[in-house]
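Next up, coords.cif (mmCIF, C-alpha atoms):
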data_start
loop_
_atom_site.label_atom_id
_atom_site.label_comp_id
_atom_site.auth_asym_id
_atom_site.auth_seq_id
_atom_site.Cartn_x
_atom_site.Cartn_y
_atom_site.Cartn_z
CA MET A 1 79.34 -66.55 224.98
CA GLN A 2 82.54 -65.13 223.58
CA ARG A 3 83.69 -65.05 220.01
CA SER A 4 87.06 -64.45 218.45
CA ASP A 5 87.21 -61.11 216.68
CA LYS A 6 90.31 -59.79 214.95
CA LYS A 7 88.67 -56.73 213.45
CA SER A 8 89.91 -53.37 214.57
CA HIS A 9 87.56 -50.70 215.92
CA PRO A 10 87.90 -46.92 215.82
CA TRP A 11 88.00 -46.61 219.64
CA GLY A 12 90.21 -49.57 220.41
CA LYS A 13 91.12 -53.15 219.62
CA ARG A 14 90.41 -56.38 221.43
CA HIS A 15 91.19 -59.99 220.80
CA MET A 16 87.88 -61.20 222.21
CA THR A 17 84.52 -59.53 221.79
CA GLN A 18 81.53 -59.66 224.10
CA ARG A 19 77.92 -59.69 222.94
CA ALA A 20 75.33 -57.24 224.20
CA LEU A 21 71.61 -57.51 223.54
CA ILE A 22 69.99 -54.08 223.28
CA VAL A 23 66.21 -54.07 223.53
CA GLY A 24 64.79 -51.03 221.75
CA LEU A 25 65.78 -49.18 218.56
CA GLY A 26 65.30 -45.73 220.01
CA ILE A 27 67.72 -42.97 220.94
CA SER A 28 69.09 -44.73 224.03
CA GLY A 29 69.39 -48.10 222.33
CA MET A 30 71.19 -46.87 219.22
CA SER A 31 73.45 -44.61 221.30
CA ALA A 32 74.47 -47.60 223.40
CA ALA A 33 75.05 -49.72 220.30
CA ILE A 34 77.37 -47.13 218.74
CA ALA A 35 79.29 -46.65 222.00
CA LEU A 36 79.65 -50.37 222.72
CA ARG A 37 80.70 -51.19 219.18
CA GLY A 38 83.35 -48.50 219.51
CA GLN A 39 84.72 -50.33 222.54
CA GLY A 40 84.96 -53.66 220.72
CA TRP A 41 81.65 -55.18 221.81
CA THR A 42 79.25 -56.90 219.42
CA PRO A 43 75.82 -55.34 220.00
CA VAL A 44 72.60 -56.88 218.71
CA ILE A 45 69.51 -54.66 218.69
CA ILE A 46 65.99 -56.06 218.77
CA GLU A 47 62.91 -53.96 218.14
CA ARG A 48 59.30 -54.97 218.70
CA ALA A 49 58.02 -52.87 215.79
CA SER A 50 58.29 -54.16 212.24
CA GLN A 51 60.14 -51.06 211.04
CA ARG A 52 61.82 -47.89 212.23
CA ARG A 53 59.77 -44.96 213.49
CA ARG A 54 60.06 -41.68 211.65
CA GLY A 55 58.95 -38.13 212.29
CA GLY A 56 58.04 -37.44 215.89
CA TYR A 57 57.74 -34.31 217.97
CA PHE A 58 59.92 -31.26 218.71
CA ILE A 59 63.04 -31.70 220.83
CA GLY A 60 65.38 -28.96 222.02
CA LEU A 61 68.86 -30.49 222.08
CA ARG A 62 70.81 -28.72 224.80
CA GLU A 63 74.58 -28.47 225.35
CA GLU A 64 74.91 -31.81 227.13
CA GLY A 65 73.01 -33.52 224.34
CA LYS A 66 75.07 -31.81 221.65
CA THR A 67 78.28 -32.94 223.35
CA ALA A 68 77.07 -36.54 223.56
CA ALA A 69 75.88 -36.51 219.93
CA GLU A 70 79.26 -35.18 218.83
CA ALA A 71 81.08 -37.88 220.80
CA LEU A 72 78.89 -40.51 219.16
CA GLY A 73 79.77 -39.08 215.75
CA VAL A 74 76.22 -38.07 214.78
CA LEU A 75 75.91 -34.34 215.50
CA ASP A 76 77.20 -33.22 212.11
CA VAL A 77 74.82 -35.48 210.18
CA MET A 78 71.79 -34.55 212.28
CA GLU A 79 69.16 -32.37 210.58
CA LYS A 80 68.87 -29.00 212.37
CA ARG A 81 65.52 -27.18 212.37
CA THR A 82 66.10 -24.10 214.51
CA PRO A 83 64.21 -21.11 213.04
CA GLU A 84 66.38 -18.13 212.22
CA ARG A 85 64.16 -15.94 214.35
CA ILE A 86 62.16 -17.39 217.25
CA ARG A 87 59.40 -15.56 219.09
CA PHE A 88 56.98 -16.99 221.65
CA TRP A 89 53.57 -15.61 222.50
CA ASP A 90 51.25 -16.08 225.44
CA VAL A 91 47.74 -16.09 223.96
CA ARG A 92 44.99 -15.17 226.40
CA ARG A 93 41.37 -16.33 226.44
CA ASP A 94 40.22 -13.02 224.92
CA GLY A 95 42.57 -13.46 221.94
CA SER A 96 45.13 -10.90 223.07
CA ARG A 97 48.78 -11.93 223.04
CA ARG A 98 51.98 -10.93 224.82
CA ARG A 99 55.57 -11.72 224.02
CA ILE A 100 57.18 -14.16 226.43
CA ALA A 101 60.60 -15.80 226.65
CA ASP A 102 61.35 -18.62 224.26
CA VAL A 103 60.16 -21.58 226.33
CA THR A 104 62.90 -23.80 224.87
CA GLN A 105 65.67 -21.60 226.26
CA GLU A 106 65.37 -21.43 230.03
CA THR A 107 68.99 -22.54 230.46
CA ASN A 108 70.80 -22.29 227.13
CA ALA A 109 70.15 -22.16 223.41
CA PRO A 110 69.24 -25.62 222.14
CA ILE A 111 69.17 -26.97 218.62
CA ALA A 112 65.60 -27.54 217.47
CA VAL A 113 65.16 -31.01 215.98
CA LEU A 114 62.52 -33.66 215.59
CA ARG A 115 62.86 -36.87 217.55
CA GLY A 116 63.13 -38.60 214.19
CA ASP A 117 66.09 -36.39 213.22
CA ILE A 118 68.10 -37.72 216.16
CA GLU A 119 67.07 -41.30 215.43
CA GLU A 120 67.92 -40.91 211.74
CA ALA A 121 71.40 -39.61 212.59
CA LEU A 122 71.98 -42.46 215.04
CA TRP A 123 70.69 -44.95 212.48
CA GLN A 124 73.47 -43.90 210.14
CA GLY A 125 75.91 -45.03 212.83
CA VAL A 126 74.09 -48.36 213.20
CA ASP A 127 72.86 -49.37 209.75
CA GLY A 128 75.11 -52.02 208.23
CA LYS A 129 77.37 -52.00 211.28
CA VAL A 130 75.14 -53.53 213.96
CA GLU A 131 72.76 -56.47 213.67
CA VAL A 132 69.17 -55.26 214.00
CA ARG A 133 66.19 -57.61 214.28
CA PHE A 134 62.75 -56.11 213.79
CA GLY A 135 59.56 -57.73 215.02
CA THR A 136 61.39 -59.30 217.97
CA GLU A 137 60.99 -59.01 221.76
CA PRO A 138 62.25 -60.77 224.88
CA VAL A 139 59.83 -63.06 226.70
CA SER A 140 62.23 -64.49 229.28
CA ILE A 141 65.54 -63.29 230.75
CA VAL A 142 67.57 -65.52 233.06
CA ASN A 143 70.57 -63.97 234.77
CA GLY A 144 73.74 -65.98 235.17
CA ASP A 145 77.05 -65.20 236.85
CA THR A 146 78.74 -63.98 233.68
CA GLN A 147 76.08 -64.34 230.97
CA THR A 148 72.36 -63.96 230.56
CA GLN A 149 70.06 -66.30 228.66
CA VAL A 150 67.29 -64.56 226.76
CA THR A 151 64.33 -66.14 225.02
CA LEU A 152 63.54 -64.02 221.98
CA ARG A 153 60.18 -64.22 220.23
CA SER A 154 59.60 -63.04 216.68
CA ASP A 155 56.35 -61.54 215.48
CA LYS A 156 55.77 -64.86 213.70
CA GLY A 157 55.72 -66.64 217.06
CA HIS A 158 59.13 -68.32 216.74
CA ASP A 159 61.24 -68.55 219.91
CA VAL A 160 65.01 -68.77 220.11
CA ILE A 161 67.27 -68.82 223.19
CA GLU A 162 70.57 -66.93 223.05
CA SER A 163 73.28 -65.99 225.54
CA PHE A 164 74.69 -62.49 226.01
CA ASP A 165 77.34 -60.94 228.21
CA LEU A 166 75.10 -57.94 228.84
CA VAL A 167 71.41 -57.17 228.26
CA ILE A 168 70.41 -53.50 227.96
CA GLY A 169 66.77 -52.55 228.36
CA ALA A 170 66.37 -49.37 226.31
CA ASP A 171 62.73 -50.07 225.57
CA GLY A 172 61.03 -47.01 226.98
CA VAL A 173 59.01 -46.00 229.99
CA ARG A 174 56.87 -49.17 229.89
CA SER A 175 59.93 -51.37 229.53
CA THR A 176 59.44 -55.10 228.99
CA VAL A 177 62.95 -55.74 230.31
CA ARG A 178 62.15 -53.88 233.52
CA LYS A 179 58.98 -55.93 234.04
CA LEU A 180 60.83 -59.23 233.46
CA ILE A 181 63.73 -58.47 235.81
CA PHE A 182 62.66 -55.81 238.31
CA GLY A 183 58.85 -55.95 238.61
CA VAL A 184 55.66 -54.21 237.56
CA ASP A 185 55.55 -50.60 236.37
CA GLU A 186 53.59 -49.27 239.33
CA VAL A 187 56.47 -49.95 241.72
CA PHE A 188 58.74 -47.54 239.87
CA PHE A 189 56.37 -44.97 238.34
CA ARG A 190 56.09 -41.52 239.94
CA PRO A 191 53.05 -39.97 238.19
CA LEU A 192 52.84 -36.20 237.68
CA GLY A 193 49.05 -36.28 237.31
CA THR A 194 49.14 -35.09 233.71
CA MET A 195 48.41 -36.44 230.25
CA LEU A 196 50.01 -35.12 227.09
CA CYS A 197 49.54 -35.39 223.35
CA ALA A 198 52.27 -34.27 220.93
CA PHE A 199 51.97 -34.27 217.14
CA PRO A 200 53.01 -32.25 214.06
CA LEU A 201 50.65 -29.58 212.81
CA ALA A 202 49.72 -29.85 209.14
CA ARG A 203 49.71 -26.07 208.58
CA PRO A 204 50.94 -22.84 210.15
CA VAL A 205 48.90 -21.32 212.95
CA ALA A 206 46.74 -18.59 211.44
CA GLY A 207 47.83 -15.07 212.40
CA PHE A 208 51.38 -16.05 213.39
CA ASP A 209 54.63 -15.72 211.46
CA ALA A 210 57.25 -18.34 210.65
CA GLY A 211 59.37 -18.96 213.75
CA ASP A 212 56.53 -18.03 216.09
CA GLY A 213 55.66 -20.33 218.97
CA LEU A 214 52.73 -19.88 221.28
CA MET A 215 51.06 -21.02 224.47
CA VAL A 216 47.33 -21.08 225.16
CA ALA A 217 47.16 -21.87 228.86
CA ASP A 218 44.38 -22.16 231.39
CA ILE A 219 44.14 -23.86 234.77
CA LYS A 220 44.97 -27.56 234.35
CA ARG A 221 45.11 -27.45 230.54
CA ALA A 222 47.35 -25.90 227.89
CA LEU A 223 48.48 -26.02 224.28
CA THR A 224 52.09 -25.18 223.41
CA VAL A 225 53.23 -24.86 219.79
CA PHE A 226 56.96 -25.24 219.06
CA PRO A 227 58.23 -23.77 215.76
CA LEU A 228 60.60 -25.62 213.42
CA GLU A 229 62.50 -24.50 210.34
CA GLY A 230 61.25 -26.13 207.14
CA ARG A 231 58.83 -28.46 208.93
CA PRO A 232 55.40 -28.13 210.54
CA SER A 233 55.39 -26.95 214.12
CA THR A 234 54.87 -29.44 216.96
CA ALA A 235 51.68 -29.12 219.01
CA LEU A 236 51.83 -30.22 222.64
CA PHE A 237 48.51 -30.54 224.49
CA SER A 238 48.75 -31.12 228.25
CA TYR A 239 46.07 -31.47 230.87
CA ARG A 240 45.98 -32.38 234.54
CA THR A 241 43.90 -35.22 235.90
CA ARG A 242 43.67 -37.11 239.17
CA SER A 243 43.25 -40.37 237.29
CA PRO A 244 45.71 -40.67 234.37
CA VAL A 245 44.46 -43.33 231.98
CA ASP A 246 46.05 -46.03 229.90
CA PRO A 247 46.44 -44.23 226.55
CA ALA A 248 45.34 -47.34 224.70
CA SER A 249 41.94 -47.09 226.39
CA ARG A 250 41.16 -43.51 225.39
CA ASP A 251 40.70 -41.72 222.06
CA PRO A 252 43.02 -38.69 222.24
CA LEU A 253 41.00 -36.63 219.75
CA ALA A 254 37.68 -37.08 221.53
CA THR A 255 39.34 -36.56 224.92
CA LEU A 256 41.05 -33.31 223.95
CA ARG A 257 37.97 -31.94 222.22
CA GLN A 258 36.03 -32.43 225.43
CA ILE A 259 38.68 -30.96 227.74
CA PHE A 260 39.45 -27.92 225.56
CA ALA A 261 35.90 -27.32 224.31
CA ASP A 262 35.56 -23.83 225.86
CA LEU A 263 39.16 -22.71 225.26
CA ASP A 264 39.17 -22.39 221.47
CA VAL A 265 40.89 -19.03 221.24
CA ASP A 266 40.52 -17.68 217.68
CA GLY A 267 40.10 -21.25 216.42
CA ILE A 268 43.67 -22.20 217.40
CA ILE A 269 42.58 -25.23 219.41
CA SER A 270 40.01 -26.58 216.96
CA ARG A 271 42.32 -26.26 213.94
CA ALA A 272 45.11 -28.04 215.80
CA LEU A 273 42.74 -30.87 216.69
CA GLU A 274 41.68 -31.12 213.06
CA ASP A 275 45.34 -31.78 212.25
CA LEU A 276 45.46 -34.45 214.96
CA ALA A 277 42.45 -36.13 213.35
CA ASN A 278 44.44 -36.52 210.13
CA THR A 279 47.72 -37.94 211.41
CA ASP A 280 48.93 -41.22 212.85
CA ASP A 281 52.16 -39.57 214.04
CA PHE A 282 51.29 -38.64 217.62
CA LEU A 283 52.30 -39.40 221.18
CA PHE A 284 49.44 -39.69 223.70
CA ASP A 285 50.40 -40.82 227.18
CA SER A 286 50.31 -40.20 230.89
CA VAL A 287 53.40 -38.51 232.31
CA GLN A 288 55.51 -40.17 234.95
CA MET A 289 59.09 -40.28 236.03
CA VAL A 290 60.74 -43.62 236.75
CA LYS A 291 62.66 -43.93 240.02
CA MET A 292 64.65 -47.03 240.94
CA PRO A 293 67.22 -47.80 243.66
CA ARG A 294 69.37 -49.57 241.03
CA TRP A 295 69.32 -49.69 237.27
CA SER A 296 71.09 -53.03 236.98
CA LYS A 297 70.67 -56.54 238.29
CA GLY A 298 73.29 -59.11 237.38
CA ARG A 299 74.09 -58.66 233.70
CA VAL A 300 70.90 -56.71 232.92
CA LEU A 301 70.95 -52.90 232.76
CA LEU A 302 68.18 -50.38 232.12
CA LEU A 303 68.94 -47.27 230.09
CA GLY A 304 67.08 -44.09 229.16
CA ASP A 305 63.35 -43.81 229.88
CA ALA A 306 63.28 -47.43 231.07
CA ALA A 307 65.61 -46.44 233.92
CA TRP A 308 64.75 -42.83 234.77
CA CYS A 309 62.28 -41.17 232.33
CA LEU A 310 62.93 -37.47 232.75
CA THR A 311 59.64 -36.81 230.89
CA LEU A 312 58.99 -34.49 227.98
CA TYR A 313 58.62 -31.56 230.41
CA SER A 314 62.29 -31.82 231.41
CA GLY A 315 63.58 -30.98 227.95
CA MET A 316 66.39 -33.50 228.58
CA GLY A 317 64.96 -36.91 227.69
CA ALA A 318 66.65 -37.37 224.32
CA SER A 319 69.88 -35.82 225.57
CA ALA A 320 69.90 -38.14 228.57
CA GLY A 321 69.50 -41.12 226.26
CA MET A 322 72.61 -40.20 224.28
CA ILE A 323 74.54 -39.21 227.39
CA GLY A 324 73.69 -42.55 228.99
CA GLY A 325 74.75 -44.56 225.94
CA ARG A 326 78.06 -42.73 225.76
CA ALA A 327 78.65 -43.07 229.53
CA LEU A 328 78.01 -46.81 229.37
CA GLY A 329 80.58 -47.26 226.60
CA GLU A 330 83.15 -45.29 228.56
CA ALA A 331 82.47 -47.28 231.75
CA LEU A 332 82.92 -50.57 229.91
CA ALA A 333 86.18 -49.28 228.44
CA ALA A 334 87.47 -48.21 231.86
CA HIS A 335 86.62 -51.65 233.33
CA ALA A 336 87.32 -53.79 230.29
CA ASN A 337 87.55 -57.07 232.16
CA ASN A 338 84.91 -56.44 234.81
CA VAL A 339 81.33 -55.83 233.62
CA ASP A 340 80.01 -55.63 237.18
CA ALA A 341 82.44 -52.84 238.04
CA ALA A 342 81.57 -51.07 234.79
CA LEU A 343 77.85 -51.08 235.61
CA THR A 344 78.55 -49.72 239.09
CA ALA A 345 80.74 -46.96 237.61
CA PHE A 346 78.02 -46.14 235.09
CA GLU A 347 75.42 -45.65 237.82
CA THR A 348 77.83 -43.60 239.95
CA ARG A 349 78.38 -41.26 237.02
CA MET A 350 74.78 -40.98 235.78
CA ARG A 351 72.79 -40.75 239.01
CA PRO A 352 73.75 -37.15 239.95
CA PHE A 353 72.77 -36.01 236.45
CA VAL A 354 69.43 -37.82 236.58
CA ARG A 355 68.62 -36.65 240.13
CA LYS A 356 69.39 -33.07 239.15
CA HIS A 357 66.88 -33.06 236.30
CA GLN A 358 64.22 -35.16 238.03
CA ARG A 359 64.25 -32.72 240.94
CA PHE A 360 62.67 -29.97 238.86
CA VAL A 361 60.30 -31.93 236.61
CA ALA A 362 57.20 -31.25 238.74
CA LEU A 363 58.03 -27.53 238.86
CA ARG A 364 58.72 -27.38 235.13
CA SER A 365 55.39 -29.04 234.45
CA GLN A 366 53.75 -25.94 235.94
CA LEU A 367 55.29 -23.88 233.14
CA PHE A 368 53.52 -26.04 230.57
CA VAL A 369 50.24 -26.79 232.36
CA PRO A 370 49.54 -24.72 235.49
CA SER A 371 47.61 -26.48 238.25
CA THR A 372 46.12 -23.41 239.98
CA ARG A 373 45.17 -19.81 239.22
CA PHE A 374 48.24 -18.69 241.17
CA SER A 375 50.60 -20.87 239.09
CA LEU A 376 48.91 -19.59 235.91
CA TRP A 377 49.67 -16.03 237.00
CA GLY A 378 53.15 -16.95 238.22
CA ARG A 379 54.23 -18.58 234.97
CA ARG A 380 53.18 -15.48 233.03
CA VAL A 381 55.22 -13.26 235.33
CA LEU A 382 58.21 -15.61 235.05
CA TRP A 383 58.16 -15.69 231.25
CA GLN A 384 58.07 -11.87 231.19
CA ILE A 385 61.05 -11.66 233.56
CA LEU A 386 63.01 -14.15 231.47
CA LEU A 387 62.16 -12.26 228.30
CA ARG A 388 63.87 -9.18 229.71
CA SER A 389 66.99 -11.06 230.74
CA ARG A 390 70.08 -11.05 228.58
CA LYS A 391 69.85 -14.80 228.00
CA TYR A 392 67.47 -14.32 225.10
CA PRO A 393 68.99 -12.89 221.90
CA PHE A 394 65.58 -12.15 220.39
CA LYS A 395 64.21 -10.13 223.33
CA ASN A 396 64.34 -6.87 221.39
CA ALA A 397 62.72 -8.24 218.24
CA SER A 398 59.39 -6.71 217.42
#

In structure tokens, what does this structure look like?
Amino acid sequence: MQRSDKKSHPWGKRHMTQRALIVGLGISGMSAAIALRGQGWTPVIIERASQRRRGGYFIGLREEGKTAAEALGVLDVMEKRTPERIRFWDVRRDGSRRRIADVTQETNAPIAVLRGDIEEALWQGVDGKVEVRFGTEPVSIVNGDTQTQVTLRSDKGHDVIESFDLVIGADGVRSTVRKLIFGVDEVFFRPLGTMLCAFPLARPVAGFDAGDGLMVADIKRALTVFPLEGRPSTALFSYRTRSPVDPASRDPLATLRQIFADLDVDGIISRALEDLANTDDFLFDSVQMVKMPRWSKGRVLLLGDAAWCLTLYSGMGASAGMIGGRALGEALAAHANNVDAALTAFETRMRPFVRKHQRFVALRSQLFVPSTRFSLWGRRVLWQILLRSRKYPFKNAS
């Protein structure tokens, strides 16, 4: 379906606009909406939830993510929460602690933000500019040669069929769009054999200063605390298991209390779990990458975690979502009259980036939750080496 549109756009002007359905009001979905609107498209976002999510866990926004956020026009309005002085501590079972490298800075100095800070900034680029329908999800997608018919169902049970020139599945690691078009999750999941739970602490960790982060690590289980300026720190519990479970079938609080029962160093673990007991703002899930031979089929494209899921361990998930949205807009601009060519160009550009970061996810997971006694020892040695390198401006702080 095409509609006449005589409005001008900041990144160009077209006489005819094309409609894109974006499934998911997250970082990838809103990034794509901003980029496509800038190229003269008419995006429509649908979101299964009845309202926007807020809050969320710590994210370190690295250089690639900063560049993408700036190109999307949201970096300057994004709340920044990087502490003025960051120190990280490795806390041992006996309560002793040693300084280690800032675990957010293995490659460069990121901006510390909450996931909700990125989404709030992107929302400012969407609100009032892009049609957003809450409480809506796709139940059928039928590919055509040039358009796709989608049956949309509201949370009131009403169905409507609409046609779009492009459908973008930006609906997360358990993507509905992926299931409808490409197949079941298990075909594309590459599990890491870990579970994680991330949530904001309600209070500072006793005995640590503002800007302090810490790691309490043991074989196959660990707690990492990421500091934020002006907001509670983020707690990240990780543990290894041969049988990752459906998070909906397990109580995270009871599970973590059982797994960490004998690792409550100076009450750090138990107090963090008390905070978990009093919040609904948490992520509890198994960890898996998504690997697919193609991210598009006909006029349906997957984006962000639905397509590749770099996982929280990569430190690049949110950045990749914004980078992908921007890259899609640029590909559609370069192939203005050929959507198929644009999708091919998008994959050609994004795949080296995704492969690069997926390659090291399993190794990086060892830094957060070591699988053996040797990896527990090795990560401690590595953090000490990195602390002494010149990459870390706070290495001489006492």

Kindly indicate which residue among A:Arg240, A:Arg299, A:Arg87, A:Asp305 lies nearest to Thr372 in chain A, using all atoms listed in the file for the distances.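 Ranking A:Arg240, A:Arg299, A:Arg87, A:Asp305 by distance to Thr372 in chain A, first place goes to A:Arg240.
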
Option closest in space to Phe374 in chain A, from A:Lys220, A:Phe58, A:Asn143, A:Phe134 [counting only C-alpha atoms]: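 Among the listed residues, A:Lys220 lies closest to Phe374 in chain A.
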
Neighbour list for range 109-119 of chain A as a VMD selection string, cut-off 7 Å, all atoms listed in the file, skip fewer than 6 positions in-chain: chain A and resid 26 to 27 54 to 63 78 to 82 228

Nearest residue to Leu152 in chain A from the set A:Ala202, A:Ala235, A:Leu25, A:Ile46 (distances using all atoms listed in the file): A:Ile46

Explicit residues for the PyMOL selection byres ((chain A and resi 129) around 12) (as a list in words):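 For this structure, the PyMOL selection byres ((chain A and resi 129) around 12) captures His9, Met30, Ala33, Ile34, Leu36, Arg37, Gly38, Trp41, Thr42, Pro43, Val44, Ile45, Leu122, Trp123, Gln124, Gly125, Val126, Asp127, Gly128, Val130, Glu131 and Val132 of chain A.
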
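In this comparison, which uses all atoms listed in the file, the residue of A:Gly378, A:Pro200, A:Pro138, A:Gly95 approaching Ser154 in chain A most closely is A:Pro138.
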
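CA of Thr67 in chain A is positioned 29.8 Å from CA of Leu201 in chain A.
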
Between A:Ile385, A:Ala20, A:Ala272, A:Ala277, single out the one closest to Ala254 in chain A, counting all atoms listed in the file.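 Of A:Ile385, A:Ala20, A:Ala272, A:Ala277, the one nearest Ala254 in chain A is A:Ala277, counting all atoms listed in the file.
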
Apply the PyMOL selection byres ((chain A and resi 328) around 12) to the structure shown and report the selected residues as number ranges by chain. A: 20, 28-29, 31-39, 41, 68, 166, 168, 301-304, 320-327, 329-336, 339-350

Because the input lacks atoms here, generate N, CA and C atoms for range 276-301 of chain A and report them as a tab-separated table (two decimals), in the coordinates of the input.
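Produced file result_25.tsv, reproduced below:
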chain	number	residue	atom	x	y	z
A	276	LEU	N	45.29	-33.19	214.24
A	276	LEU	CA	45.46	-34.45	214.96
A	276	LEU	C	44.58	-35.54	214.35
A	277	ALA	N	43.38	-35.16	213.92
A	277	ALA	CA	42.45	-36.13	213.35
A	277	ALA	C	42.98	-36.75	212.06
A	278	ASN	N	43.94	-36.07	211.43
A	278	ASN	CA	44.44	-36.52	210.13
A	278	ASN	C	45.87	-37.03	210.16
A	279	THR	N	46.36	-37.40	211.34
A	279	THR	CA	47.72	-37.94	211.41
A	279	THR	C	47.76	-39.16	212.31
A	280	ASP	N	48.65	-40.08	211.98
A	280	ASP	CA	48.93	-41.22	212.85
A	280	ASP	C	50.21	-41.00	213.65
A	281	ASP	N	50.88	-39.87	213.40
A	281	ASP	CA	52.16	-39.57	214.04
A	281	ASP	C	51.91	-38.72	215.28
A	282	PHE	N	51.52	-39.37	216.38
A	282	PHE	CA	51.29	-38.64	217.62
A	282	PHE	C	51.71	-39.47	218.81
A	283	LEU	N	52.02	-38.78	219.89
A	283	LEU	CA	52.30	-39.40	221.18
A	283	LEU	C	51.18	-38.99	222.12
A	284	PHE	N	50.49	-39.95	222.71
A	284	PHE	CA	49.44	-39.69	223.70
A	284	PHE	C	49.72	-40.59	224.89
A	285	ASP	N	49.99	-39.98	226.05
A	285	ASP	CA	50.40	-40.82	227.18
A	285	ASP	C	50.26	-40.05	228.48
A	286	SER	N	50.19	-40.80	229.56
A	286	SER	CA	50.31	-40.20	230.89
A	286	SER	C	51.78	-39.88	231.14
A	287	VAL	N	52.03	-38.96	232.05
A	287	VAL	CA	53.40	-38.51	232.31
A	287	VAL	C	53.84	-39.00	233.67
A	288	GLN	N	54.94	-39.72	233.69
A	288	GLN	CA	55.51	-40.17	234.95
A	288	GLN	C	57.01	-40.31	234.84
A	289	MET	N	57.68	-39.97	235.92
A	289	MET	CA	59.09	-40.28	236.03
A	289	MET	C	59.23	-41.74	236.44
A	290	VAL	N	60.40	-42.29	236.25
A	290	VAL	CA	60.74	-43.62	236.75
A	290	VAL	C	61.85	-43.44	237.79
A	291	LYS	N	61.64	-44.00	238.97
A	291	LYS	CA	62.66	-43.93	240.02
A	291	LYS	C	62.94	-45.33	240.54
A	292	MET	N	64.23	-45.69	240.55
A	292	MET	CA	64.65	-47.03	240.94
A	292	MET	C	65.89	-46.93	241.82
A	293	PRO	N	66.01	-47.81	242.82
A	293	PRO	CA	67.22	-47.80	243.66
A	293	PRO	C	68.45	-48.25	242.90
A	294	ARG	N	68.27	-49.15	241.90
A	294	ARG	CA	69.37	-49.57	241.03
A	294	ARG	C	68.83	-49.77	239.63
A	295	TRP	N	69.71	-49.51	238.67
A	295	TRP	CA	69.32	-49.69	237.27
A	295	TRP	C	69.82	-51.00	236.70
A	296	SER	N	70.56	-51.76	237.49
A	296	SER	CA	71.09	-53.03	236.98
A	296	SER	C	70.86	-54.14	237.99
A	297	LYS	N	70.75	-55.34	237.48
A	297	LYS	CA	70.67	-56.54	238.29
A	297	LYS	C	71.39	-57.64	237.52
A	298	GLY	N	72.48	-58.14	238.11
A	298	GLY	CA	73.29	-59.11	237.38
A	298	GLY	C	73.84	-58.49	236.11
A	299	ARG	N	73.61	-59.15	234.99
A	299	ARG	CA	74.09	-58.66	233.70
A	299	ARG	C	72.98	-57.99	232.88
A	300	VAL	N	71.99	-57.42	233.58
A	300	VAL	CA	70.90	-56.71	232.92
A	300	VAL	C	70.91	-55.26	233.39
A	301	LEU	N	70.90	-54.33	232.45
A	301	LEU	CA	70.95	-52.90	232.76
A	301	LEU	C	69.81	-52.19	232.05
